[in-house]
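Peer 1: Take a look at this one; I'll ask things after.
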Amino acid sequence: MFDRFVSGGNLPALERVLQFTSARQSIIANNIANMETPGFRPADVSATAFQTSLADAIDNRKRAVAAGVANEGLTAPDGGLAMDGSESIRIGADGMQLTPEPIGDGILFHDGNDRNMERILQSLTENLLTFRFAATLARRHFASVDNAIRERL
Amino acid sequence: MNGAFDISASALVANRIRMDAIAANLAAADIGGNPDGPKKPPMIREAIFQVGDPATGSETGVHVEDIYLMQSWVPRHQPLSPLADKDGNVWYADINPVEQQTNMMMAARSYEANIAAIEARKSMISAALEMLA
């Protein structure tokens, strides 16, 4: 019975968002750390590709629920929301693994590191806000479950 | 979860070492010497960054791979100095204060950018902890 509170609703999708933003933060931090390393190519994972993939996963689950199919076959190896992985986003039994791809043409500097400070800090901020957004929604979800258990507001 | 702190902290260390190298250059700007004698003029130091962090064995992060010692000396005519060579020149490291100042600002800005990344991570962790409360 309790399973429906954690594997239904928006929580599985929020879990994916938290996993993705948490892993992506390390990648962005690495780009910032190597801002002035000669020959370093900054790398990133496309947040748009992740969101498209997540939207497909949510649609698939909705269709499965509407067709009366239970969660059978819709669960990923790590027990979360089933999602199509890609070359850069892989979902295994140990959660989500990100493989960043080099970004930027690097035509300004001869060593190929384009040192795009504004872009990198923009993605850092967007990533942080997405994480906080998902964390807040998840907290509200748990709070409403808590209210239901206590049977009072 | 704390991996991102390691990455940013390695960059803080690397930039501090770079700042130390710049400080050493500026401090040595007025140390004279004789290239042929026992007391040679100082070398210019430059920190060389490389990807990876040997301290944690991680492939991400950054570290100072080497500090290049560049021999670039300029003469000043000071025939009365005990350090003067046979032509009456004392040799000094060819340190360009403008270049050093620029590098110093870049190191400071880079340090700040990594502090911003640490702050972002801290904010994410505190948001994650709020889920429990």
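Here's how to read the names in the structure tokens: chain A, B, ... by the order shown, residue numbers from 1 in each chain, ligand numbers from 1 in the order shown.
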Residues near Ala14 in chain B, anyone? I mean within 8 Å using only C-alpha atoms, not counting same-chain ones fewer than 6 positions away, as a short mmCIF file (atom, residue, chain, number, x, y, z; two decimals) with C-alpha atoms, in the first residue's frame.
Peer 2:
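Contents of the output file part16.cif:
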```cif
data_model
loop_
_atom_site.label_atom_id
_atom_site.label_comp_id
_atom_site.auth_asym_id
_atom_site.auth_seq_id
_atom_site.Cartn_x
_atom_site.Cartn_y
_atom_site.Cartn_z
CA PHE B 49 47.94 23.29 -14.62
CA VAL B 62 42.91 20.17 -11.44
CA HIS B 63 46.42 20.20 -10.04
CA VAL B 64 49.70 22.00 -10.57
#
```
Peer 1: Please provide the set of residues having any atom within 12 Å of range 75-80 of chain B, restricted to only C-alpha atoms, with same-chain residues fewer than 3 positions apart removed, written as a compact mmCIF listing (two decimals) with N, CA and C atoms, in the first residue's frame.
Peer 2:
```txt
# COMPACT_ATOMS: atom_id res chain seq x y z
N ASP B 30 63.56 42.46 -7.65
CA ASP B 30 64.71 43.34 -7.45
C ASP B 30 65.92 42.62 -6.89
N ILE B 31 65.94 41.29 -7.04
CA ILE B 31 67.12 40.54 -6.60
C ILE B 31 68.07 40.42 -7.78
N GLY B 32 69.23 41.02 -7.65
CA GLY B 32 70.21 40.99 -8.73
C GLY B 32 71.15 39.81 -8.58
N GLY B 33 71.93 39.56 -9.62
CA GLY B 33 72.91 38.48 -9.56
C GLY B 33 73.84 38.56 -10.75
N ASN B 34 74.78 37.65 -10.74
CA ASN B 34 75.75 37.58 -11.83
C ASN B 34 75.66 36.19 -12.44
N PRO B 35 75.25 36.08 -13.72
CA PRO B 35 75.07 34.76 -14.34
C PRO B 35 76.34 33.92 -14.32
N PRO B 41 71.06 35.41 -10.82
CA PRO B 41 69.74 36.08 -10.68
C PRO B 41 68.63 35.04 -10.59
N SER B 72 65.14 34.20 -17.82
CA SER B 72 65.03 35.37 -18.70
C SER B 72 65.59 36.54 -17.91
N LEU B 83 78.11 42.74 -7.36
CA LEU B 83 77.56 41.66 -8.18
C LEU B 83 77.81 41.89 -9.67
N ALA B 84 78.38 43.04 -10.01
CA ALA B 84 78.51 43.37 -11.43
C ALA B 84 79.45 42.41 -12.15
N ASP B 85 79.12 42.12 -13.42
CA ASP B 85 80.01 41.27 -14.22
C ASP B 85 81.12 42.13 -14.83
N LYS B 86 81.88 41.55 -15.75
CA LYS B 86 83.07 42.26 -16.26
C LYS B 86 82.70 43.51 -17.07
N ASP B 87 81.45 43.56 -17.57
CA ASP B 87 81.02 44.75 -18.30
C ASP B 87 80.34 45.77 -17.39
N GLY B 88 80.28 45.50 -16.11
CA GLY B 88 79.65 46.43 -15.17
C GLY B 88 78.15 46.27 -15.07
N ASN B 89 77.59 45.13 -15.51
CA ASN B 89 76.14 44.91 -15.46
C ASN B 89 75.77 43.96 -14.32
N VAL B 90 74.70 44.33 -13.64
CA VAL B 90 74.07 43.38 -12.71
C VAL B 90 72.81 42.86 -13.41
N TRP B 91 72.57 41.52 -13.34
CA TRP B 91 71.45 40.93 -14.08
C TRP B 91 70.28 40.67 -13.14
N TYR B 92 69.10 40.97 -13.64
CA TYR B 92 67.86 40.78 -12.88
C TYR B 92 66.91 39.91 -13.69
N ALA B 93 65.97 39.25 -12.99
CA ALA B 93 64.94 38.49 -13.70
C ALA B 93 64.05 39.46 -14.46
N ASP B 94 63.70 39.10 -15.67
CA ASP B 94 62.90 39.98 -16.54
C ASP B 94 61.42 39.81 -16.18
```
Peer 1: Taking the chain letters and numbering used in this document, name the residues of chain B that DSSP puts in strand (DSSP E), as a VMD selection string.
Peer 2: chain B and resid 32 to 33 44 to 53 58 to 70 73 to 77 89 to 93
Peer 1: Those selected residues, please, written with N, CA and C atoms and delivered as an mmCIF file, in the first residue's frame.
Peer 2:
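Contents of again_13.cif, as written:
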```cif
data_model
loop_
_atom_site.group_PDB
_atom_site.id
_atom_site.type_symbol
_atom_site.label_atom_id
_atom_site.label_comp_id
_atom_site.auth_asym_id
_atom_site.auth_seq_id
_atom_site.Cartn_x
_atom_site.Cartn_y
_atom_site.Cartn_z
ATOM 1 N N GLY B 32 69.230 41.020 -7.646
ATOM 2 C CA GLY B 32 70.207 40.986 -8.734
ATOM 3 C C GLY B 32 71.154 39.814 -8.576
ATOM 4 N N GLY B 33 71.930 39.562 -9.619
ATOM 5 C CA GLY B 33 72.906 38.484 -9.564
ATOM 6 C C GLY B 33 73.840 38.559 -10.748
ATOM 7 N N ILE B 44 62.117 33.086 -13.296
ATOM 8 C CA ILE B 44 60.691 33.406 -13.248
ATOM 9 C C ILE B 44 59.928 32.092 -13.098
ATOM 10 N N ARG B 45 58.998 32.065 -12.143
ATOM 11 C CA ARG B 45 58.235 30.834 -11.897
ATOM 12 C C ARG B 45 56.875 30.924 -12.545
ATOM 13 N N GLU B 46 56.432 29.819 -13.154
ATOM 14 C CA GLU B 46 55.083 29.785 -13.717
ATOM 15 C C GLU B 46 54.460 28.424 -13.442
ATOM 16 N N ALA B 47 53.288 28.450 -12.777
ATOM 17 C CA ALA B 47 52.594 27.200 -12.444
ATOM 18 C C ALA B 47 51.905 26.656 -13.690
ATOM 19 N N ILE B 48 52.061 25.354 -13.945
ATOM 20 C CA ILE B 48 51.436 24.704 -15.103
ATOM 21 C C ILE B 48 50.324 23.791 -14.596
ATOM 22 N N PHE B 49 49.097 24.064 -15.063
ATOM 23 C CA PHE B 49 47.937 23.285 -14.616
ATOM 24 C C PHE B 49 47.762 22.036 -15.473
ATOM 25 N N GLN B 50 47.201 21.001 -14.857
ATOM 26 C CA GLN B 50 46.885 19.778 -15.583
ATOM 27 C C GLN B 50 45.601 19.189 -14.996
ATOM 28 N N VAL B 51 44.813 18.535 -15.842
ATOM 29 C CA VAL B 51 43.563 17.918 -15.390
ATOM 30 C C VAL B 51 43.875 16.736 -14.473
ATOM 31 N N GLY B 52 42.995 16.504 -13.487
ATOM 32 C CA GLY B 52 43.157 15.366 -12.575
ATOM 33 C C GLY B 52 43.619 15.842 -11.212
ATOM 34 N N ASP B 53 43.394 15.011 -10.212
ATOM 35 C CA ASP B 53 43.754 15.390 -8.849
ATOM 36 C C ASP B 53 44.479 14.219 -8.172
ATOM 37 N N SER B 58 41.599 11.178 -8.461
ATOM 38 C CA SER B 58 40.448 11.353 -9.347
ATOM 39 C C SER B 58 40.888 11.861 -10.712
ATOM 40 N N GLU B 59 40.102 11.498 -11.750
ATOM 41 C CA GLU B 59 40.406 11.995 -13.088
ATOM 42 C C GLU B 59 39.872 13.404 -13.290
ATOM 43 N N THR B 60 38.948 13.823 -12.432
ATOM 44 C CA THR B 60 38.444 15.184 -12.524
ATOM 45 C C THR B 60 39.210 16.058 -11.531
ATOM 46 N N GLY B 61 38.976 17.354 -11.614
ATOM 47 C CA GLY B 61 39.711 18.279 -10.766
ATOM 48 C C GLY B 61 40.918 18.822 -11.504
ATOM 49 N N VAL B 62 41.751 19.543 -10.795
ATOM 50 C CA VAL B 62 42.909 20.166 -11.437
ATOM 51 C C VAL B 62 44.059 20.171 -10.434
ATOM 52 N N HIS B 63 45.258 20.105 -10.936
ATOM 53 C CA HIS B 63 46.418 20.204 -10.042
ATOM 54 C C HIS B 63 47.561 20.905 -10.761
ATOM 55 N N VAL B 64 48.522 21.378 -9.985
ATOM 56 C CA VAL B 64 49.700 22.005 -10.575
ATOM 57 C C VAL B 64 50.674 20.886 -10.921
ATOM 58 N N GLU B 65 50.865 20.686 -12.220
ATOM 59 C CA GLU B 65 51.707 19.591 -12.685
ATOM 60 C C GLU B 65 53.175 19.898 -12.462
ATOM 61 N N ASP B 66 53.531 21.165 -12.686
ATOM 62 C CA ASP B 66 54.937 21.532 -12.627
ATOM 63 C C ASP B 66 55.027 23.041 -12.450
ATOM 64 N N ILE B 67 56.127 23.488 -11.896
ATOM 65 C CA ILE B 67 56.383 24.928 -11.888
ATOM 66 C C ILE B 67 57.590 25.168 -12.781
ATOM 67 N N TYR B 68 57.322 25.764 -13.934
ATOM 68 C CA TYR B 68 58.410 26.047 -14.871
ATOM 69 C C TYR B 68 59.308 27.124 -14.285
ATOM 70 N N LEU B 69 60.617 26.917 -14.419
ATOM 71 C CA LEU B 69 61.572 27.948 -14.039
ATOM 72 C C LEU B 69 62.129 28.516 -15.337
ATOM 73 N N MET B 70 61.727 29.763 -15.639
ATOM 74 C CA MET B 70 62.143 30.358 -16.901
ATOM 75 C C MET B 70 63.324 31.288 -16.664
ATOM 76 N N TRP B 73 66.828 36.935 -18.229
ATOM 77 C CA TRP B 73 67.504 37.944 -17.417
ATOM 78 C C TRP B 73 67.765 39.208 -18.223
ATOM 79 N N VAL B 74 67.664 40.335 -17.560
ATOM 80 C CA VAL B 74 67.978 41.610 -18.216
ATOM 81 C C VAL B 74 69.082 42.313 -17.413
ATOM 82 N N PRO B 75 69.994 42.971 -18.111
ATOM 83 C CA PRO B 75 71.091 43.662 -17.407
ATOM 84 C C PRO B 75 70.703 45.078 -16.993
ATOM 85 N N ARG B 76 71.235 45.511 -15.867
ATOM 86 C CA ARG B 76 71.181 46.935 -15.516
ATOM 87 C C ARG B 76 72.622 47.359 -15.254
ATOM 88 N N HIS B 77 72.980 48.496 -15.778
ATOM 89 C CA HIS B 77 74.374 48.934 -15.654
ATOM 90 C C HIS B 77 74.610 49.494 -14.255
ATOM 91 N N ASN B 89 77.590 45.132 -15.514
ATOM 92 C CA ASN B 89 76.139 44.907 -15.464
ATOM 93 C C ASN B 89 75.768 43.963 -14.320
ATOM 94 N N VAL B 90 74.696 44.325 -13.639
ATOM 95 C CA VAL B 90 74.067 43.381 -12.711
ATOM 96 C C VAL B 90 72.813 42.857 -13.410
ATOM 97 N N TRP B 91 72.566 41.518 -13.340
ATOM 98 C CA TRP B 91 71.450 40.927 -14.075
ATOM 99 C C TRP B 91 70.277 40.669 -13.138
ATOM 100 N N TYR B 92 69.097 40.975 -13.642
ATOM 101 C CA TYR B 92 67.863 40.784 -12.877
ATOM 102 C C TYR B 92 66.905 39.910 -13.689
ATOM 103 N N ALA B 93 65.975 39.253 -12.991
ATOM 104 C CA ALA B 93 64.941 38.493 -13.696
ATOM 105 C C ALA B 93 64.047 39.465 -14.459
#
```
Peer 1: Would you list the contacts of range 12-15 of chain A as a list in words, taking every protein, DNA or RNA residue within 6 Å and counting only C-alpha atoms, but skipping same-chain residues closer than 3 positions in sequence?
Peer 2: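 The residues that qualify are Ser7, Leu18, Gly80, Leu81 and Ala134 of chain A.
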Peer 1: Write out, as a compact mmCIF listing (two decimals), in the first residue's frame, the residues just selected, with N, CA and C atoms.
Peer 2:
```
# COMPACT_ATOMS: atom_id res chain seq x y z
N SER A 7 6.27 5.19 -5.30
CA SER A 7 6.53 4.88 -6.71
C SER A 7 5.45 5.46 -7.63
N LEU A 18 16.67 14.87 -9.45
CA LEU A 18 17.68 15.06 -8.41
C LEU A 18 18.96 14.29 -8.75
N GLY A 80 13.87 2.77 -9.94
CA GLY A 80 13.21 4.06 -10.16
C GLY A 80 12.37 4.05 -11.42
N LEU A 81 12.04 5.25 -11.88
CA LEU A 81 11.23 5.41 -13.09
C LEU A 81 12.00 4.92 -14.31
N ALA A 134 13.23 20.61 -7.49
CA ALA A 134 12.82 19.21 -7.32
C ALA A 134 12.84 18.82 -5.85
```
Peer 1: Within 8 Å of chain A, which residues of chain B are there when counting only C-alpha atoms? Please give them as number ranges by chain.
Peer 2: B: 1, 3-4, 7-8, 10-12, 48-51, 60-62, 110, 113-114, 117, 120-121, 123-124, 127-128, 130-132
Peer 1: What residues in chain A get the DSSP label helix (DSSP H, G or I)? Please answer as an NGL selection string.
Peer 2: :A and (3-7 or 11-33 or 47-66 or 117-150)
Peer 1: Create the file for the chosen residues now, containing C-alpha atoms and written as a JSON list (two decimals), in the first residue's frame.
Peer 2:
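This is the output file result37.json:
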```
[["chain", "number", "residue", "atom", "x", "y", "z"],
["A", 3, "ASP", "CA", 4.53, 1.61, -2.23],
["A", 4, "ARG", "CA", 2.05, 3.80, -4.09],
["A", 5, "PHE", "CA", 3.19, 6.85, -2.17],
["A", 6, "VAL", "CA", 6.81, 6.46, -3.26],
["A", 7, "SER", "CA", 6.53, 4.88, -6.71],
["A", 11, "LEU", "CA", 8.18, 11.37, -6.87],
["A", 12, "PRO", "CA", 9.91, 8.96, -9.35],
["A", 13, "ALA", "CA", 10.35, 11.81, -11.84],
["A", 14, "LEU", "CA", 11.68, 14.12, -9.09],
["A", 15, "GLU", "CA", 14.11, 11.37, -8.09],
["A", 16, "ARG", "CA", 15.46, 11.30, -11.64],
["A", 17, "VAL", "CA", 15.80, 15.09, -11.71],
["A", 18, "LEU", "CA", 17.68, 15.06, -8.41],
["A", 19, "GLN", "CA", 19.98, 12.28, -9.63],
["A", 20, "PHE", "CA", 20.68, 14.10, -12.87],
["A", 21, "THR", "CA", 21.34, 17.55, -11.38],
["A", 22, "SER", "CA", 23.47, 16.09, -8.61],
["A", 23, "ALA", "CA", 25.69, 14.22, -11.08],
["A", 24, "ARG", "CA", 25.79, 17.17, -13.47],
["A", 25, "GLN", "CA", 26.99, 19.48, -10.70],
["A", 26, "SER", "CA", 30.24, 17.49, -10.50],
["A", 27, "ILE", "CA", 30.74, 17.89, -14.25],
["A", 28, "ILE", "CA", 30.17, 21.65, -14.10],
["A", 29, "ALA", "CA", 32.46, 21.97, -11.06],
["A", 30, "ASN", "CA", 35.14, 20.18, -13.08],
["A", 31, "ASN", "CA", 34.70, 22.66, -15.94],
["A", 32, "ILE", "CA", 35.13, 25.56, -13.53],
["A", 33, "ALA", "CA", 38.14, 23.94, -11.85],
["A", 47, "ALA", "CA", 19.85, 19.04, -19.90],
["A", 48, "THR", "CA", 17.39, 19.35, -22.82],
["A", 49, "ALA", "CA", 18.04, 15.75, -23.87],
["A", 50, "PHE", "CA", 17.49, 14.64, -20.29],
["A", 51, "GLN", "CA", 14.22, 16.56, -20.03],
["A", 52, "THR", "CA", 12.95, 15.14, -23.34],
["A", 53, "SER", "CA", 13.81, 11.64, -22.19],
["A", 54, "LEU", "CA", 12.13, 12.26, -18.81],
["A", 55, "ALA", "CA", 8.99, 13.61, -20.52],
["A", 56, "ASP", "CA", 8.82, 10.46, -22.69],
["A", 57, "ALA", "CA", 9.24, 8.30, -19.61],
["A", 58, "ILE", "CA", 6.37, 10.09, -17.84],
["A", 59, "ASP", "CA", 4.16, 9.77, -20.94],
["A", 60, "ASN", "CA", 4.92, 6.06, -21.19],
["A", 61, "ARG", "CA", 3.99, 5.56, -17.56],
["A", 62, "LYS", "CA", 0.72, 7.47, -18.02],
["A", 63, "ARG", "CA", -0.18, 5.31, -21.00],
["A", 64, "ALA", "CA", 0.64, 2.16, -19.06],
["A", 65, "VAL", "CA", -1.50, 3.26, -16.12],
["A", 66, "ALA", "CA", -4.39, 4.21, -18.48],
["A", 117, "MET", "CA", 32.81, 31.54, -18.00],
["A", 118, "GLU", "CA", 29.30, 32.99, -18.45],
["A", 119, "ARG", "CA", 27.89, 29.81, -20.02],
["A", 120, "ILE", "CA", 29.43, 27.60, -17.37],
["A", 121, "LEU", "CA", 28.18, 29.71, -14.47],
["A", 122, "GLN", "CA", 24.76, 29.93, -16.14],
["A", 123, "SER", "CA", 24.54, 26.15, -16.29],
["A", 124, "LEU", "CA", 25.77, 25.97, -12.68],
["A", 125, "THR", "CA", 22.95, 28.28, -11.53],
["A", 126, "GLU", "CA", 20.27, 26.61, -13.65],
["A", 127, "ASN", "CA", 21.36, 23.23, -12.38],
["A", 128, "LEU", "CA", 21.27, 24.42, -8.77],
["A", 129, "LEU", "CA", 17.80, 25.95, -9.13],
["A", 130, "THR", "CA", 16.47, 22.80, -10.83],
["A", 131, "PHE", "CA", 17.81, 20.73, -7.94],
["A", 132, "ARG", "CA", 16.24, 23.01, -5.32],
["A", 133, "PHE", "CA", 12.96, 23.01, -7.25],
["A", 134, "ALA", "CA", 12.82, 19.21, -7.32],
["A", 135, "ALA", "CA", 13.92, 18.98, -3.69],
["A", 136, "THR", "CA", 11.17, 21.39, -2.60],
["A", 137, "LEU", "CA", 8.50, 19.50, -4.56],
["A", 138, "ALA", "CA", 9.68, 16.21, -3.04],
["A", 139, "ARG", "CA", 9.55, 17.75, 0.42],
["A", 140, "ARG", "CA", 5.97, 18.92, -0.17],
["A", 141, "HIS", "CA", 5.10, 15.41, -1.33],
["A", 142, "PHE", "CA", 6.50, 13.87, 1.85],
["A", 143, "ALA", "CA", 4.73, 16.54, 3.93],
["A", 144, "SER", "CA", 1.38, 15.65, 2.38],
["A", 145, "VAL", "CA", 1.98, 11.94, 3.03],
["A", 146, "ASP", "CA", 2.86, 12.93, 6.59],
["A", 147, "ASN", "CA", -0.43, 14.87, 6.87],
["A", 148, "ALA", "CA", -2.35, 11.85, 5.60],
["A", 149, "ILE", "CA", -0.71, 9.62, 8.19],
["A", 150, "ARG", "CA", -1.46, 12.04, 11.03]]
```
Peer 1: Can you measure CA of His110 in chain A to CA of Val45 in chain A for me? One decimal in Å is fine.
Peer 2: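 According to the coordinates, CA of His110 in chain A and CA of Val45 in chain A are separated by 24.1 Å.
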Peer 1: Please identify all polymer residues within 8 Å of Ala76 in chain A, counting only C-alpha atoms, omitting same-chain residues fewer than 4 positions from it, and present them as a PyMOL selection string.
Peer 2: chain A and resi 80-83+91-93
Peer 1: One number please: CA of Tyr111 in chain B to CA of Arg16 in chain B, in Å, one decimal.
Peer 2: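 It comes out at 7.9 Å.
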Peer 1: For Phe109 in chain A, which of A:Gly9, A:Met96, A:Arg90, A:Arg41 is the closest residue, counting only C-alpha atoms?
Peer 2: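 Of the candidates, the smallest distance to Phe109 in chain A is held by A:Arg41.
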Peer 1: When you draw a straight line from CA of Ile89 in chain A to CA of Gly57 in chain B, how long is it in Å?
Peer 2: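 Going from CA of Ile89 in chain A over to CA of Gly57 in chain B, I get 23.8 Å.
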